[in-house]
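To start, the structure under review is shown below, and the notes come after it.
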Amino acid sequence: VAACALIVSLADFGTHAAAQGGPPPDLYFGFTLIDPARQVIVEHSFLVVAEGRIAEIGAGPPPSGQFRSRHDLTGRFALPGFVDAHAHVTAGPYTIDRSTGRLVVKMESVDEITRFHARTALAFGVTSIRNPGGDPAANARYDRRIASREWTGPDAVHAGPPVQPPPFGGSAFAHIADFAVVTWN
């Protein structure tokens with residue numbers, strides 16, 4: 001049994017065919033596909049990746065045609081990407097601030113750390129995440145960089161900043177006192 005698996009994002013399947021005049025696609029073939037949605041294992045599978053997205057997936061002999069590269073994955077397995085439902089992808093280092101005389105634990109986002117988190121998630125097969133909280137500006141930067149393909153990382157759904165009472169502070173946290181009070185007459 002091979003110790004390696006090809007992780008694929010089947011959510012992208014069929015939605016991003018190669019653009020006319022774009023670069024030739026890549027072909028991956030010979031692997032065993034584990035499909036939990038259909039509860040089947042399909043031997044001798046192939047997939048075509050065009051411009052970084054799955055354009056075709058199937059079983060049997062791989063398609064013929066013009067490919068930029070061909071990857072024989074015989075003896076290996078492929079499965080859909082994993083979802084991490086609690087990934088603070090934009091979380092930066094925690095610091096302790098005593099400048100006001102009170103202890104404040106801060107978490108600021110640092111883009112280099114965010115990029116490291118994203119690449120590490122992908123290395124472990126995570127292709128989608130739910131970020132349960134963090135700096136809204138950092139979350140927006142992450143989404144822009146992933147969408148533009150400046151960075152490689154999982155697709156993300158973000159919550160806003162966690163509402164935490166002091167001693168938590170910084171751009172990643174919000175306090176009840178930060179919200180306007182609305183009264184109804």
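In the structure tokens, each chain is lettered A, B, ... as it comes, each chain's residues begin at 1, and ligands are numbered from 1 in order of appearance.
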
Report task. Mind the document's chain letters and residue numbers, and return as a VMD selection string the residues of segment 23-55 of chain A that DSSP labels strand (DSSP E). Result -> chain A and resid 26 to 35 40 to 50 53 to 55

**Report entry** Residues near segment 28-36 of chain A, cut-off 12 Å, only C-alpha atoms, skip fewer than 5 positions along chain, as an NGL selection string
**Finding:** :A and (1-2 or 4-10 or 41-50 or 54-64 or 67-82)

**Report entry** Using only C-alpha atoms: which of A:Arg130, A:Lys106, A:Arg38, A:His117 has the shortest distance to Tyr94 of chain A
**Finding:**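 Nearest to Tyr94 of chain A: A:Lys106.
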
Query raised in the report: From the list A:Gly134, A:Pro154, A:Gly160, A:Gly21, which residue is nearest Ala172 of chain A when using only C-alpha atoms?
Result: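 For Ala172 of chain A, the nearest of the candidates is A:Gly134.
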
Query raised in the report: So which one's closest to Arg102 of chain A, A:Pro132, A:Gly125, A:Gly65, A:Pro166? Using only C-alpha atoms, please.
Result: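 Selected residue with least distance to Arg102 of chain A: A:Pro166.
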
Requested in this report: Any chance you could list, as number ranges by chain, the residues in segment 84-121 of chain A that come up alpha helix (DSSP H) when DSSP is run on the backbone?
Outcome: A: 111-121

Save out the residues we just selected, all heavy atoms, as an mmCIF file, in the first residue's frame.
data_model
loop_
_atom_site.group_PDB
_atom_site.id
_atom_site.type_symbol
_atom_site.label_atom_id
_atom_site.label_comp_id
_atom_site.auth_asym_id
_atom_site.auth_seq_id
_atom_site.Cartn_x
_atom_site.Cartn_y
_atom_site.Cartn_z
ATOM 1 N N ASP A 111 0.818 38.645 8.015
ATOM 2 C CA ASP A 111 0.593 37.978 6.730
ATOM 3 C C ASP A 111 1.516 36.791 6.494
ATOM 4 O O ASP A 111 1.085 35.769 5.950
ATOM 5 C CB ASP A 111 0.715 38.979 5.586
ATOM 6 C CG ASP A 111 -0.487 39.914 5.500
ATOM 7 O OD1 ASP A 111 -1.525 39.624 6.142
ATOM 8 O OD2 ASP A 111 -0.392 40.936 4.792
ATOM 9 N N GLU A 112 2.773 36.872 6.892
ATOM 10 C CA GLU A 112 3.690 35.748 6.678
ATOM 11 C C GLU A 112 3.243 34.516 7.471
ATOM 12 O O GLU A 112 3.390 33.393 7.006
ATOM 13 C CB GLU A 112 5.132 36.135 7.068
ATOM 14 C CG GLU A 112 5.757 37.177 6.169
ATOM 15 C CD GLU A 112 5.316 38.605 6.491
ATOM 16 O OE1 GLU A 112 4.854 38.876 7.631
ATOM 17 O OE2 GLU A 112 5.408 39.454 5.588
ATOM 18 N N ILE A 113 2.702 34.748 8.667
ATOM 19 C CA ILE A 113 2.207 33.635 9.472
ATOM 20 C C ILE A 113 0.921 33.079 8.863
ATOM 21 O O ILE A 113 0.726 31.868 8.795
ATOM 22 C CB ILE A 113 2.010 34.072 10.941
ATOM 23 C CG1 ILE A 113 3.368 34.406 11.552
ATOM 24 C CG2 ILE A 113 1.280 33.000 11.754
ATOM 25 C CD1 ILE A 113 3.300 35.021 12.932
ATOM 26 N N THR A 114 0.050 33.966 8.390
ATOM 27 C CA THR A 114 -1.175 33.520 7.728
ATOM 28 C C THR A 114 -0.846 32.644 6.523
ATOM 29 O O THR A 114 -1.445 31.584 6.324
ATOM 30 C CB THR A 114 -2.019 34.731 7.299
ATOM 31 O OG1 THR A 114 -2.418 35.459 8.467
ATOM 32 C CG2 THR A 114 -3.255 34.307 6.521
ATOM 33 N N ARG A 115 0.103 33.085 5.722
ATOM 34 C CA ARG A 115 0.498 32.302 4.535
ATOM 35 C C ARG A 115 1.053 30.940 4.960
ATOM 36 O O ARG A 115 0.761 29.924 4.326
ATOM 37 C CB ARG A 115 1.528 33.079 3.723
ATOM 38 C CG ARG A 115 1.855 32.424 2.411
ATOM 39 C CD ARG A 115 2.778 33.293 1.590
ATOM 40 N NE ARG A 115 2.852 32.786 0.238
ATOM 41 C CZ ARG A 115 3.634 33.283 -0.674
ATOM 42 N NH1 ARG A 115 4.405 34.325 -0.420
ATOM 43 N NH2 ARG A 115 3.664 32.756 -1.878
ATOM 44 N N PHE A 116 1.841 30.907 6.028
ATOM 45 C CA PHE A 116 2.362 29.645 6.544
ATOM 46 C C PHE A 116 1.220 28.725 6.969
ATOM 47 O O PHE A 116 1.222 27.530 6.651
ATOM 48 C CB PHE A 116 3.308 29.900 7.725
ATOM 49 C CG PHE A 116 3.775 28.647 8.401
ATOM 50 C CD1 PHE A 116 4.809 27.905 7.862
ATOM 51 C CD2 PHE A 116 3.168 28.197 9.565
ATOM 52 C CE1 PHE A 116 5.237 26.735 8.477
ATOM 53 C CE2 PHE A 116 3.581 27.039 10.188
ATOM 54 C CZ PHE A 116 4.628 26.297 9.642
ATOM 55 N N HIS A 117 0.230 29.268 7.687
ATOM 56 C CA HIS A 117 -0.929 28.459 8.107
ATOM 57 C C HIS A 117 -1.638 27.866 6.887
ATOM 58 O O HIS A 117 -2.021 26.692 6.889
ATOM 59 C CB HIS A 117 -1.932 29.296 8.903
ATOM 60 C CG HIS A 117 -1.492 29.703 10.268
ATOM 61 N ND1 HIS A 117 -0.841 28.880 11.146
ATOM 62 C CD2 HIS A 117 -1.623 30.883 10.920
ATOM 63 C CE1 HIS A 117 -0.596 29.512 12.278
ATOM 64 N NE2 HIS A 117 -1.056 30.745 12.162
ATOM 65 N N ALA A 118 -1.834 28.683 5.854
ATOM 66 C CA ALA A 118 -2.543 28.223 4.648
ATOM 67 C C ALA A 118 -1.786 27.096 3.956
ATOM 68 O O ALA A 118 -2.372 26.074 3.574
ATOM 69 C CB ALA A 118 -2.743 29.398 3.694
ATOM 70 N N ARG A 119 -0.501 27.264 3.788
ATOM 71 C CA ARG A 119 0.301 26.242 3.112
ATOM 72 C C ARG A 119 0.388 24.965 3.937
ATOM 73 O O ARG A 119 0.372 23.860 3.401
ATOM 74 C CB ARG A 119 1.683 26.794 2.801
ATOM 75 C CG ARG A 119 1.597 27.930 1.772
ATOM 76 C CD ARG A 119 2.908 28.597 1.539
ATOM 77 N NE ARG A 119 3.683 27.756 0.636
ATOM 78 C CZ ARG A 119 4.911 28.042 0.261
ATOM 79 N NH1 ARG A 119 5.504 29.127 0.706
ATOM 80 N NH2 ARG A 119 5.540 27.243 -0.566
ATOM 81 N N THR A 120 0.458 25.103 5.265
ATOM 82 C CA THR A 120 0.496 23.928 6.130
ATOM 83 C C THR A 120 -0.818 23.158 6.046
ATOM 84 O O THR A 120 -0.818 21.922 5.978
ATOM 85 C CB THR A 120 0.789 24.343 7.587
ATOM 86 O OG1 THR A 120 2.056 25.020 7.618
ATOM 87 C CG2 THR A 120 0.823 23.149 8.515
ATOM 88 N N ALA A 121 -1.934 23.872 6.041
ATOM 89 C CA ALA A 121 -3.236 23.204 5.912
ATOM 90 C C ALA A 121 -3.288 22.380 4.630
ATOM 91 O O ALA A 121 -3.695 21.211 4.646
ATOM 92 C CB ALA A 121 -4.364 24.233 5.947
#

Query raised in the report: How many Å lie between atom CA of Gly169 of chain A and atom CA of His86 of chain A, rounded to one decimal?
Result: 20.5 Å

Query raised in the report: Expressed in Å to a single decimal, how great is the separation between atom CA of Val110 of chain A and atom CA of Ala91 of chain A?
Result: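 It comes out at 7.6 Å.
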
Report task. For atom CA of His158 of chain A and atom CA of Leu122 of chain A, quote the distance in Å rounded to one decimal. Result -> 17.3 Å

Report task. Counting only C-alpha atoms, figure out which residue out of A:Thr90, A:Gln66, A:Ser171, A:Gln39 gets nearest to Asn131 of chain A. Result ->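 For Asn131 of chain A, the nearest of the given residues is A:Thr90.
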
Query raised in the report: Taking only C-alpha atoms into account, which of A:Gly52, A:Asp155, A:His88, A:Ala37 comes nearest Pro23 of chain A?
Result: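 Residue with the minimum atom-to-atom distance to Pro23 of chain A: A:Gly52.
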